[in-house]
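Here the structure comes first, spelled out in structure tokens, and everything after it is commentary.
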Amino acid sequence: MAAKTKAVSTKPVVVVDDVHIIYKVFASGRRATKAGAGGGLFSRKMRLREVHAVKGLSFTVFEGESVGIIGSNGSGKSSLMRAIAGLTPIQGGAVYASAKPALLGVGAVLLPNLSGEKNILLGGLAMGFGRKDMIDNTDAITKFAGLEEFIDLPMRTYSSGMSARLRFSIAASRDHDILIIDEALAVGDQEFRNRSEARMREMRDSAGTVFLVSHSMKSILDTCTRVIWIEKGELIMDGEPREVINAYNVHTGSDTID
Amino acid sequence: MSLADYAREHGLKRVGARPALLEYLAEAWKRRDFALTMARFNSEAANAKNRLGRWWTVLLPTVQALVYGLIFGVLMGSSRPDNYIPFLFTGVFLFSFMSGAFGAGAGSVTGNLGLVRSLSFPRMLLPVQATIQQIFNLLPQMVLLILTWVVFAQPITFNWLLLVPITFLMIMFSTGLALVSARLTVHIQDLTKLIPFVIRIVFYTSGIFFNMEHVLKNYPVALEIEKYNPVYVFVSLARGVGVAGYETTAFMWLAAIGWAVVTLALGIVFFWKAEERYGRED
């Protein structure tokens, strides 16, 4: 297991202050329309539903920490991460950070019709890196992602594992002050997972702050110095990885780790 | 001490806060290479799907112009504008650029949600990138337009050089349009249904294939209003420069400059105001 003895400074890097995230979504189907009146052509068959995804979370993360975020599906982990990265508007509270957090999520394919190589360049340019740097780095990024054979193919032809690997490699090619990784590694194979966990530890040690959302307790134990457990948008537990993961495992009925 | 004060004390900034306008523009300018590269890659990818590739950028407006020319040319018979072919080509080519930017801008944020949700950069670059893609199409069209002028024996003069500032003003105007349509469709997705309709209406009311002065000669008020129609202004300017029998007026130039500056400025402010909103789920 990795050394987790690195001293945590008292300099705050990310402050999450009473954050609320509410999605307004059109619900449809029998459950949504049962209550509605009338059935004419122009009556609304859909109902606007509010989903309160994150309900007033607050915590502070210090320099050099790597924070694991756990919780069941739909508990608000990804919403929270997107809010920390500033990619989702929040309805209450605020997130403060010392630098612009970079988020690596699943789902999002950058530009599906362009080749992996072009996505590397564009991703880098969008993050504000120079063209020359990115071109010089392309081979290293490709190699890290293990996609040498496919880098000239459009990204829409990649498997989800391949595109997650590429996205991770693009973001990890540079040191970020704050990096958020949202289950991006879950789809990678074992070899890539080892490589990327090593890289994450490296980033953490170079004074970067890392957030890791994962369902793999092993990845979290191997890389994180602190774990936050969220359930239904509320904070359940925040503390030392072993302790929190044990409590979580009891909750889910999995075996505890000794 | 509240968390907010604590954060401020340690020099933390609120994430996702909309920066001041000048700061925002500076940030966008720093990443101009992103917009340019994305436009280039996208237009390469779009062209690669078709066998005729890049040629479509000139083929399509040419076919359009020919079809309109045939239909309206026959319909209008003797009331056709003078120098009909160069007159029509000028109108159709310029119009296809302006409407193209408006339409492409509309999809530039809603169509790139993957990008918006995974990377943070000034969102303005997306409609700008869509406009740059239209500019790539415009340049070969301009070459073709000048060729048409030459083939249909328009007298070559130094005046033709004025096409450069006209194009420039038209690009400013269209960028503003793209910024406005980009934000509008984010708020109201339904507008994407109306856009083709709006474009049609502007096409029929901007004298693309008929001579406004003749058609509206009994309606002085309508003609007066049309003088302020930006699409008509840009098209008339280009005709005045290159097609024999048409003149540019000082008023047209002033109107073009006015529309270019005002639309671009309004577009930038209007788009920037909603910067925190883009990428939202609903």
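Within each chain, counting starts at residue 1; across the structure tokens, chains are named A, B, ... in the order shown, with ligands numbered 1 upward in that order.
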Sort by chain and increasing residue number a table of all residues of chain A within 7 Å of chain B, each with its closest pair of atoms and their distance in Å to one decimal, counting only C-alpha atoms, and write it as a Markdown table.
```
| residue | atom | partner | partner_atom | distance |
| --- | --- | --- | --- | --- |
| A:Val15 | CA | B:Ala7 | CA | 6.3 |
| A:Asp17 | CA | B:Leu3 | CA | 6.1 |
| A:Tyr23 | CA | B:Asp282 | CA | 6.9 |
| A:Lys24 | CA | B:Asp282 | CA | 5.9 |
| A:Val25 | CA | B:Asp282 | CA | 5.8 |
| A:Ile84 | CA | B:Val15 | CA | 6.8 |
| A:Ala85 | CA | B:Val15 | CA | 6.9 |
| A:Gly86 | CA | B:Gly16 | CA | 4.1 |
| A:Leu87 | CA | B:Arg117 | CA | 5.8 |
| A:Thr88 | CA | B:Arg280 | CA | 5.8 |
| A:Pro89 | CA | B:Arg277 | CA | 6.3 |
| A:Ala94 | CA | B:Arg14 | CA | 6.7 |
| A:Val95 | CA | B:Val15 | CA | 5.6 |
| A:Tyr96 | CA | B:Arg14 | CA | 4.2 |
| A:Ala97 | CA | B:Leu12 | CA | 4.9 |
| A:Ser98 | CA | B:Leu12 | CA | 4.5 |
| A:Leu103 | CA | B:Ser118 | CA | 6.3 |
| A:Leu104 | CA | B:Ser118 | CA | 6.6 |
| A:Gly105 | CA | B:Ser118 | CA | 6.6 |
| A:Ala108 | CA | B:Gly114 | CA | 4.7 |
| A:Val109 | CA | B:Gly114 | CA | 5.6 |
| A:Leu110 | CA | B:Leu115 | CA | 5.0 |
| A:Asn113 | CA | B:Ala45 | CA | 6.7 |
| A:Leu114 | CA | B:Ala45 | CA | 6.8 |
| A:Leu122 | CA | B:Phe34 | CA | 6.2 |
| A:Leu125 | CA | B:Phe34 | CA | 5.1 |
| A:Ala126 | CA | B:Phe34 | CA | 5.8 |
| A:Met127 | CA | B:Phe121 | CA | 6.7 |
| A:Gly128 | CA | B:Arg31 | CA | 6.1 |
```
(request) Identify all residues of region 5-199 of chain A in helix (DSSP H, G or I) (DSSP on the backbone) and supply them as a PyMOL selection string. (result) chain A and resi 30-33+77-84+116-126+131-145+155-157+160-172+190-199
(request) Name the residues in contact with Leu235 (chain A) at a cut-off of 7 Å, using only C-alpha atoms, excluding same-chain residues fewer than 5 positions from it; report them as a PyMOL selection string. (result) chain A and resi 57+229-230
(message) So that I can see what lies close to Asp152 (chain A), please list as a PyMOL selection string the residues with an atom at most 8 Å from it, counting only C-alpha atoms and leaving out residues fewer than 2 positions away in the same chain.
(response) chain A and resi 115-117+149-150+154
(message) Show me, as a ChimeraX atom specification, the residues that have an atom within 7 Å of region 51-58 of chain B when counting only C-alpha atoms, minus same-chain residues fewer than 6 positions from it.
(response) /B:137,140-141
For the residues selected in the previous step, produce a file with C-alpha atoms as a compact mmCIF listing (two decimals), in the first residue's frame.
```txt
# COMPACT_ATOMS: atom_id res chain seq x y z
CA ASN B 137 -16.93 28.29 -46.43
CA PRO B 140 -14.11 30.05 -51.67
CA GLN B 141 -17.60 31.48 -52.26
```
(request) One decimal, Å: what's the distance from CA of Thr148 (chain B) over to CA of Ala39 (chain B), could you say? (result)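 Computed distance, CA of Thr148 (chain B) to CA of Ala39 (chain B), equals 27.9 Å.
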(request) Would you mind telling me which residue in B:Val202, B:Val143, B:Leu162, B:Ala274 lies nearest to Arg18 (chain B) when using only C-alpha atoms? (result) B:Ala274
(request) Have a look at CA of Gly93 (chain A) and CA of Val54 (chain A) and let me know their distance in Å, one decimal. (result) 10.9 Å
(request) Find the residue from A:Leu80, A:Val51, A:Ile120, A:Val67 that sits nearest to Asp18 (chain A); use only C-alpha atoms when measuring. (result) A:Leu80
